[in-house]
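Undergrad: First the structure, then my questions, so here it is.
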Amino acid sequence: MSSEKGTQKSFISTQDWDKEELDKLLSLARDMKLNSKKYQNALDGKSICMFFYNPSTRTRNSTQVAAYQLGMLPTFNSIKDSWIGYKGSESIKDTAIVLARYYDAIGIRIFPNAVDWKYKEGNRIMREFSKWASVPIINFEDDQFHPLQALTDIFTIQEKKKETKGKKIVISWAYHPKPLPVSVPNSILLASTKYGMDVSLVHPKNYELDDEIMNLARENVKNCGGSVSVSNDIEEAYNDADVVYVKSWGSLEHYGNAKDEKRMRLTYRDSWRIKDEHLDYTKKDSIFMHCLPIRRNIVADDSVVDGKHSVVYDQAENRLYTAKALLYYLLKD
Amino acid sequence: MSSEKGTQKSFISTQDWDKEELDKLLSLARDMKLNSKKYQNALDGKSICMFFYNPSTRTRNSTQVAAYQLGMLPTFNSIKDSWIGYKGSESIKDTAIVLARYYDAIGIRIFPNAVDWKYKEGNRIMREFSKWASVPIINFEDDQFHPLQALTDIFTIQEKKKETKGKKIVISWAYHPKPLPVSVPNSILLASTKYGMDVSLVHPKNYELDDEIMNLARENVKNCGGSVSVSNDIEEAYNDADVVYVKSWGSLEHYGNAKDEKRMRLTYRDSWRIKDEHLDYTKKDSIFMHCLPIRRNIVADDSVVDGKHSVVYDQAENRLYTAKALLYYLLKD
Amino acid sequence: MSSEKGTQKSFISTQDWDKEELDKLLSLARDMKLNSKKYQNALDGKSICMFFYNPSTRTRNSTQVAAYQLGMLPTFNSIKDSWIGYKGSESIKDTAIVLARYYDAIGIRIFPNAVDWKYKEGNRIMREFSKWASVPIINFEDDQFHPLQALTDIFTIQEKKKETKGKKIVISWAYHPKPLPVSVPNSILLASTKYGMDVSLVHPKNYELDDEIMNLARENVKNCGGSVSVSNDIEEAYNDADVVYVKSWGSLEHYGNAKDEKRMRLTYRDSWRIKDEHLDYTKKDSIFMHCLPIRRNIVADDSVVDGKHSVVYDQAENRLYTAKALLYYLLKD
């Protein structure tokens with residue numbers, strides 16, 4: 001890791017890290033899945049502050065267990081029991097400096113609603129924490145990125161498909177009653193292009209990801225091989241895919257305007273509910289991925305989520321190993 | 001334990017377990033109370049997810065300390081900081097399968113108000129968790145059962161009275177301003193009949209426990225000796241009792257209808273407040289039990305709660321040992 | 001420690017403890033800062049219940065990490081997830097006795113708003129917990145005292161200024177949009193007089209601390225040397241100070257009457273915002289202290305909080321060592 005704080009030492013986006021470093025994380029995670037005992041209490045005496053502006057199931061619980069298995073203390077802090085807040089009574093600077101005096105790492109989750117749907121404001125706060133804290137900041141999902149999820153996704157694809165190069169991944173929008181953050185699609189797009197995959201991004205019109213992200217993805221393609229294409233045609237996008245990655249997200253055009261957004265998305269309710277027929281376009285041995293939670297029979301049919309292509313539970317389980325790997329990589333003396 | 005998931009491996013009601021197994025738990029709990037050091041860190045590296053739809057003092061804190069003393073990580077999850085919920089955004093199935101990938105056990109508390117006062121819906125959710133999770137589900141009290149309490153009650157009766165056979169227990173309704181779950185009376189009724197006690201259930205008219213529970217209790221009597229009688233007469237019920245077990249509960253007739261229920265119960269405010277004179281009917285060395293929390297001078301007088309018969313604090317303390325015993329029994333390799 | 005419960009064994013105010021005992025705590029804290037490894041897991045198997053009626057950042061997180069580094073389990077209980085409450089369904093007596101059966105210590109935070117702004121009611125509840133619990137109660141800040149903060153403050157002054165005797169400390173009111181508890185000014189006043197400092201208390205008219213506290217401070221002066229003076233004149237108070245201790249607090253005259261209080265305090269908004277010019281009155285090597293959180297550019301200017309005099313982050317960090325020292329002192333067999 002270079003010496004510049006907040007880009008290397010912290011884990012805010014996979015895009016901030018060199019591929020060689022990410023490879024080391026993935027390799028560590030594989031070893032942790034196979035040889036759990038080897039790392040037991042390896043970080044004894046260390047501690048991580050887990051700070052949540054928003055609810056969490058997988059991120060919270062996988063990290064707590066990961067930290068504990070390494071011998072660490074994980075503490076859970078909810079914004080509801082804290083002074084800290086967006087526009088709160090204590091500055092990010094003071095909070096970050098002080099918590100870093102007690103803990104060896106700080107994880108933070110902050111969603112769009114916690115920053116009044118001002119796009120990238122969550123990520124800005126994340127980076128401000130990182131600017132001031134003398135210990136690593138770990139992004140537990142902000143309004144722009146969810147790097148622990150993306151790292152786990154690559155881990156899972158490597159586990160199921162042996163390699164990423166030459167594999168086609170479709171990153172597919174799906175219907176959901178509410179506009180959700182773009183952090184997951186942004187993150188899998190950047191991670192899959194960094195890992196040289198052939199990426200097919202598909203969504204309805206008006207659900208484009210932002211230019212900054214698309215440009216980074218194209219840069220990744222240039223540096224890492226692979227390809228990226230965008231379309232609004234499900235059949236074409238899903239055709240011959242090795243990996244189907246489904247996730248709903250909100251339109252950036254109506255960002256923070258739930259009412260107009262909902263009216264728009266309602267028109268896609270049936271056509272963008274993922275069904276068996278969509279998976280029929282893909283390779284026979286393709287895998288269906290979703291970061292969970294998923295609204296069953298709204299985002300995707302039960303027959304998809306529970307079907308032979310689905311690897312969603314293994315994907316969720318793998319969060320444990322990548323969380324352990326990241327903690328170990330960042331904090332091992 | 002038989003191989004069928006959800007009835008044996010999980011701990012949802014003492015009624016699901018053979019008496020021989022419960023005896024092993026009680027024996028383990030006794031040893032843990034005497035030889036705490038012997039079990040220190042016996043479950044090192046394991047973890048339990050503690051999930052609460054409702055508040056808790058004893059269950060939460062005794063289990064946290066029990067788990068820690070065995071070397072485990074206990075994590076506290078409140079519904080307020082979570083995606084999961086009755087009618088929530090994530091299915092019980094997905095939540096159960098995923099949490100079981102991280103943890104070695106899952107404890108859940110879910111009260112009537114969390115399931116819109118649809119009787120047994122909390123227990124149904126508990127059993128659905130157990131259906132899908134690959135690790136034991138521990139009932140931290142649902143709308144039908146509170147097995148950790150009942151196990152502790154038997155433990156405490158054995159501790160104070162040497163044996164359960166031939167002892168008379170009165171399970172007594174008491175006044176409380178609000179209709180409370182029937183989980184505790186259901187559970188002590190089933191546990192005490194399983195342990196061959198002579199059970200005298202006493203309550204005002206319209207506060208009958210449901211037929212399913214009463215039939216199970218009568219079945220226990222057939223299999224385990226002892227007896228069960230029901231009456232509305234305090235003096236007769238308390239007469240010559242060895243154990244007085246007091247608990248208020250809501251009428252199933254007005255279940256979920258707090259207004260009508262309250263009007264009805266108000267008429268019992270004075271006559272069903274437990275006083276010294278009630279204990280005078282019992283044996284001289286009888287014990288007064290209550291699972292706590294108790295509204296003092298409403299449910300029972302200070303002179304009762306603090307009196308010579310009362311064992312409520314020892315009863316509460318014993319929650320620690322039965323929780324430890326259960327974790328050890330379920331999770332020891 | 002004498003054998004009387006609730007005054008010695010518990011840590012509710014530094015005023016309850018002999019100076020010799022406080023000296024031992026400070027000496028332990030120094031050793032813990034230097035030789036952290038020496039105490040690792042020294043309290044293995046023990047546990048502390050941390051109970052919060054109100055939010056916390058430093059107290060909560062420093063104590064959690066302190067307990068963990070000593071090998072203990074710290075559990076966080078929020079009033080929001082609990083039965084216990086002021087006027088709650090369970091009596092303090094029952095809660096205290098039961099929690100003490102599980103834990104080796106109990107920490108409690110309870111602010112004025114949790115007791116309807118009835119001054120000293122929070123402290124009364126704290127002492128009632130201590131009356132009934134068979135384990136030490138640790139005051140995590142009530143409506144009258146914040147002894148862990150005051151202990152840390154003396155620790156920090158000794159660290160930065162070598163000794164307390166002969167040093168002048170100005171305890172200065174400052175503007176804040178809301179009336180805050182008097183626990184911090186009360187506590188630093190009593191601790192600094194106990195440590196023989198020359199104390200200059202300065203605040204606008206109507207912001208007097210209560211007579212009981214002032215009398216205790218004067219008694220400390222008699223017993224420990226040093227001096228105490230009160231004024232409304234910033235320049236005179238700050239003149240030649242070694243230590244500037246800034247904290248806003250609410251007027252006892254309008255206690256619980258936020259509306260009238262705010263109108264009154266608004267008149268001091270500019271004159272009582274601490275600026276560089278105030279520090280110019282002090283010694284060149286004076287230190288600026290604040291317990292945090294601080295509203296920047298409202299209570300004090302950025303240039304003060306971030307300036308050369310400021311030791312606020314070291315002061316916050318030192319909370320970790322005094323918390324560890326206290327736990328070790330109270331709980332080491």
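Chain labels run A, B, ... following the order of the structure tokens; each chain numbers its residues from 1, and ligands are numbered from 1 in the order shown.
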Write down as a PyMOL selection string the residues belonging to segment 67-236 of chain B that are assigned strand (DSSP E or B) by DSSP computed on the backbone.

TA: chain B and resi 73-78+84+90+105-109+137-139+168-172+198-202+227-231

Undergrad: Create the file for the chosen residues now, containing N, CA and C atoms and written as an mmCIF file, in the first residue's frame.

TA:
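The file below, part_26.cif, is the result:
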data_model
loop_
_atom_site.group_PDB
_atom_site.id
_atom_site.type_symbol
_atom_site.label_atom_id
_atom_site.label_comp_id
_atom_site.auth_asym_id
_atom_site.auth_seq_id
_atom_site.Cartn_x
_atom_site.Cartn_y
_atom_site.Cartn_z
ATOM 1 N N LEU B 73 -18.882 -15.753 20.787
ATOM 2 C CA LEU B 73 -19.309 -14.387 20.504
ATOM 3 C C LEU B 73 -20.826 -14.333 20.490
ATOM 4 N N PRO B 74 -21.447 -13.551 21.383
ATOM 5 C CA PRO B 74 -22.877 -13.300 21.264
ATOM 6 C C PRO B 74 -23.086 -11.946 20.588
ATOM 7 N N THR B 75 -23.868 -11.889 19.521
ATOM 8 C CA THR B 75 -24.159 -10.577 18.935
ATOM 9 C C THR B 75 -25.633 -10.260 19.115
ATOM 10 N N PHE B 76 -25.899 -9.018 19.443
ATOM 11 C CA PHE B 76 -27.261 -8.554 19.665
ATOM 12 C C PHE B 76 -27.759 -7.836 18.421
ATOM 13 N N ASN B 77 -28.856 -8.328 17.862
ATOM 14 C CA ASN B 77 -29.486 -7.685 16.711
ATOM 15 C C ASN B 77 -30.898 -7.261 17.094
ATOM 16 N N SER B 78 -31.173 -5.982 16.991
ATOM 17 C CA SER B 78 -32.526 -5.498 17.227
ATOM 18 C C SER B 78 -33.240 -5.348 15.891
ATOM 19 N N ILE B 84 -34.844 -7.421 8.523
ATOM 20 C CA ILE B 84 -35.767 -8.520 8.730
ATOM 21 C C ILE B 84 -36.986 -8.041 9.486
ATOM 22 N N GLU B 90 -37.069 -8.966 3.629
ATOM 23 C CA GLU B 90 -36.377 -10.234 3.359
ATOM 24 C C GLU B 90 -37.185 -11.387 3.926
ATOM 25 N N ALA B 105 -25.457 -20.774 16.077
ATOM 26 C CA ALA B 105 -26.802 -20.855 16.643
ATOM 27 C C ALA B 105 -27.479 -19.497 16.454
ATOM 28 N N ILE B 106 -28.808 -19.520 16.458
ATOM 29 C CA ILE B 106 -29.585 -18.283 16.307
ATOM 30 C C ILE B 106 -30.674 -18.278 17.371
ATOM 31 N N GLY B 107 -30.704 -17.232 18.185
ATOM 32 C CA GLY B 107 -31.765 -17.061 19.165
ATOM 33 C C GLY B 107 -32.717 -15.974 18.709
ATOM 34 N N ILE B 108 -34.009 -16.183 18.926
ATOM 35 C CA ILE B 108 -35.007 -15.228 18.435
ATOM 36 C C ILE B 108 -36.069 -14.967 19.496
ATOM 37 N N ARG B 109 -36.389 -13.697 19.698
ATOM 38 C CA ARG B 109 -37.547 -13.318 20.519
ATOM 39 C C ARG B 109 -38.566 -12.624 19.637
ATOM 40 N N ILE B 137 -32.032 -23.251 16.278
ATOM 41 C CA ILE B 137 -32.787 -22.048 16.634
ATOM 42 C C ILE B 137 -33.146 -22.171 18.113
ATOM 43 N N ILE B 138 -32.889 -21.109 18.863
ATOM 44 C CA ILE B 138 -33.236 -21.097 20.282
ATOM 45 C C ILE B 138 -34.348 -20.075 20.495
ATOM 46 N N ASN B 139 -35.447 -20.543 21.047
ATOM 47 C CA ASN B 139 -36.598 -19.672 21.295
ATOM 48 C C ASN B 139 -36.331 -18.786 22.518
ATOM 49 N N LYS B 168 -46.655 -30.036 44.905
ATOM 50 C CA LYS B 168 -47.774 -29.290 44.332
ATOM 51 C C LYS B 168 -47.324 -27.896 43.892
ATOM 52 N N ILE B 169 -47.576 -27.570 42.621
ATOM 53 C CA ILE B 169 -47.292 -26.230 42.104
ATOM 54 C C ILE B 169 -48.611 -25.562 41.733
ATOM 55 N N VAL B 170 -48.811 -24.352 42.239
ATOM 56 C CA VAL B 170 -49.957 -23.588 41.764
ATOM 57 C C VAL B 170 -49.454 -22.577 40.737
ATOM 58 N N ILE B 171 -50.027 -22.656 39.545
ATOM 59 C CA ILE B 171 -49.722 -21.686 38.491
ATOM 60 C C ILE B 171 -50.853 -20.683 38.511
ATOM 61 N N SER B 172 -50.537 -19.488 38.974
ATOM 62 C CA SER B 172 -51.593 -18.539 39.318
ATOM 63 C C SER B 172 -51.585 -17.302 38.445
ATOM 64 N N ASP B 198 -47.842 -32.074 40.772
ATOM 65 C CA ASP B 198 -49.282 -31.909 40.916
ATOM 66 C C ASP B 198 -49.606 -30.442 40.664
ATOM 67 N N VAL B 199 -50.207 -30.198 39.527
ATOM 68 C CA VAL B 199 -50.361 -28.828 39.048
ATOM 69 C C VAL B 199 -51.767 -28.318 39.293
ATOM 70 N N SER B 200 -51.834 -27.161 39.915
ATOM 71 C CA SER B 200 -53.115 -26.498 40.122
ATOM 72 C C SER B 200 -53.082 -25.163 39.385
ATOM 73 N N LEU B 201 -53.801 -25.128 38.273
ATOM 74 C CA LEU B 201 -53.844 -23.908 37.456
ATOM 75 C C LEU B 201 -55.041 -23.084 37.900
ATOM 76 N N VAL B 202 -54.802 -21.819 38.271
ATOM 77 C CA VAL B 202 -55.906 -21.007 38.771
ATOM 78 C C VAL B 202 -55.920 -19.633 38.096
ATOM 79 N N SER B 227 -50.530 -34.719 38.342
ATOM 80 C CA SER B 227 -51.927 -34.407 38.076
ATOM 81 C C SER B 227 -52.042 -32.962 37.622
ATOM 82 N N VAL B 228 -53.193 -32.636 37.056
ATOM 83 C CA VAL B 228 -53.449 -31.249 36.696
ATOM 84 C C VAL B 228 -54.906 -30.930 36.985
ATOM 85 N N SER B 229 -55.136 -29.808 37.651
ATOM 86 C CA SER B 229 -56.509 -29.367 37.866
ATOM 87 C C SER B 229 -56.603 -27.878 37.560
ATOM 88 N N VAL B 230 -57.801 -27.471 37.181
ATOM 89 C CA VAL B 230 -58.028 -26.069 36.842
ATOM 90 C C VAL B 230 -59.136 -25.536 37.720
ATOM 91 N N SER B 231 -58.951 -24.349 38.272
ATOM 92 C CA SER B 231 -60.053 -23.761 39.035
ATOM 93 C C SER B 231 -60.006 -22.244 38.981
#

Undergrad: List the spatial neighbours of Val299 of chain A as a PyMOL selection string - criterion: any atom at most 7 Å away, only C-alpha atoms, same-chain residues fewer than 5 positions off excluded.

TA: chain A and resi 174-176+273-274+294

Undergrad: Compile the contact shell of Asp301 of chain C as a list of chain:residue names: residues with an atom at most 9 Å away, counting only C-alpha atoms, same-chain residues fewer than 3 positions apart removed.

TA: C:Arg273, C:Ile274, C:Lys275, C:Asp276, C:Arg295, C:Arg296, C:Asn297, C:Ile298, C:Val304, C:Val305, C:Asp306

Undergrad: Pick out the chain A residues within 10 Å of chain C. Count only C-alpha atoms. Give them as JSON, numbers by chain.

TA: {"A": [44, 45, 46, 47, 48, 49, 72, 73, 74, 75, 76, 77, 78, 79, 80, 81, 82, 83, 84, 88, 89, 90, 91, 94, 95, 97, 98, 99, 100, 101, 102, 103]}

Undergrad: Step one, run DSSP on the backbone; step two, keep only residues of segment 137-264 of chain C assigned to alpha helix (DSSP H); then write them as an MDAnalysis selection string.

TA: chainID C and resid 147:161 183:194 211:224 234:238 258:264

Undergrad: Using only C-alpha atoms, determine which residues lie at most 12 Å from Asp153 of chain B, disregarding the query and same-chain residues fewer than 4 positions distant; provide the list as a PDB file with C-alpha atoms, in the first residue's frame.

TA:
ATOM      1  CA  THR B  14     -39.578 -28.108  26.131  1.00  0.00           C
ATOM      2  CA  LEU B  26     -30.597 -29.771  33.940  1.00  0.00           C
ATOM      3  CA  HIS B 146     -40.640 -19.451  26.636  1.00  0.00           C
ATOM      4  CA  PRO B 147     -38.698 -22.704  27.034  1.00  0.00           C
ATOM      5  CA  LEU B 148     -35.524 -21.235  28.559  1.00  0.00           C
ATOM      6  CA  GLN B 149     -37.706 -19.833  31.334  1.00  0.00           C
ATOM      7  CA  ILE B 157     -37.679 -26.084  41.825  1.00  0.00           C
ATOM      8  CA  GLN B 158     -35.248 -29.027  41.904  1.00  0.00           C
ATOM      9  CA  GLU B 159     -32.680 -26.787  43.586  1.00  0.00           C
ATOM     10  CA  LYS B 160     -35.052 -25.547  46.280  1.00  0.00           C
ATOM     11  CA  LYS B 161     -37.321 -28.568  46.726  1.00  0.00           C
ATOM     12  CA  THR B 164     -40.481 -32.314  41.487  1.00  0.00           C
ATOM     13  CA  ILE B 169     -47.292 -26.230  42.104  1.00  0.00           C
ATOM     14  CA  ILE B 171     -49.722 -21.686  38.491  1.00  0.00           C
ATOM     15  CA  VAL B 184     -44.839 -18.288  30.252  1.00  0.00           C
ATOM     16  CA  PRO B 185     -47.985 -19.971  31.671  1.00  0.00           C
ATOM     17  CA  SER B 187     -44.433 -23.246  29.220  1.00  0.00           C
ATOM     18  CA  ILE B 188     -44.459 -23.789  32.973  1.00  0.00           C
ATOM     19  CA  LEU B 189     -47.662 -25.810  32.648  1.00  0.00           C
ATOM     20  CA  LEU B 190     -46.076 -28.159  30.106  1.00  0.00           C
ATOM     21  CA  ALA B 191     -42.750 -28.375  31.959  1.00  0.00           C
ATOM     22  CA  SER B 192     -44.236 -28.989  35.402  1.00  0.00           C
ATOM     23  CA  TYR B 195     -41.788 -33.352  35.577  1.00  0.00           C
ATOM     24  CA  VAL B 243     -44.498 -23.873  44.762  1.00  0.00           C
ATOM     25  CA  VAL B 244     -46.434 -20.717  43.938  1.00  0.00           C
ATOM     26  CA  TYR B 245     -45.795 -19.649  40.354  1.00  0.00           C
ATOM     27  CA  VAL B 246     -47.376 -16.277  39.605  1.00  0.00           C
ATOM     28  CA  ILE B 287     -41.470 -20.936  47.407  1.00  0.00           C
ATOM     29  CA  PHE B 288     -42.797 -17.955  45.502  1.00  0.00           C
ATOM     30  CA  MET B 289     -41.642 -17.761  41.883  1.00  0.00           C
ATOM     31  CA  HIS B 290     -42.032 -15.156  39.153  1.00  0.00           C
ATOM     32  CA  CYS B 291     -40.078 -14.852  35.902  1.00  0.00           C
ATOM     33  CA  LEU B 292     -39.681 -11.082  36.266  1.00  0.00           C
ATOM     34  CA  VAL B 311     -36.853 -17.055  45.294  1.00  0.00           C
ATOM     35  CA  VAL B 312     -37.262 -14.709  42.338  1.00  0.00           C
ATOM     36  CA  TYR B 313     -33.631 -13.525  42.248  1.00  0.00           C
ATOM     37  CA  ASP B 314     -32.192 -17.030  42.438  1.00  0.00           C
ATOM     38  CA  GLN B 315     -34.654 -18.003  39.733  1.00  0.00           C
ATOM     39  CA  ALA B 316     -33.431 -15.120  37.566  1.00  0.00           C
ATOM     40  CA  GLU B 317     -29.785 -15.982  38.252  1.00  0.00           C
ATOM     41  CA  ASN B 318     -30.382 -19.566  37.200  1.00  0.00           C
ATOM     42  CA  ARG B 319     -31.175 -18.336  33.693  1.00  0.00           C
ATOM     43  CA  TYR B 321     -26.724 -21.706  33.986  1.00  0.00           C
ATOM     44  CA  THR B 322     -29.521 -23.129  31.864  1.00  0.00           C
TER      45      THR B 322
END

Undergrad: Which residue out of B:Pro204, B:Pro179, B:Gly196, B:Pro136 has the minimum interatomic distance to Asn220 of chain B when only C-alpha atoms are used?

TA: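 Of B:Pro204, B:Pro179, B:Gly196, B:Pro136, the one nearest Asn220 of chain B is B:Gly196, counting only C-alpha atoms.
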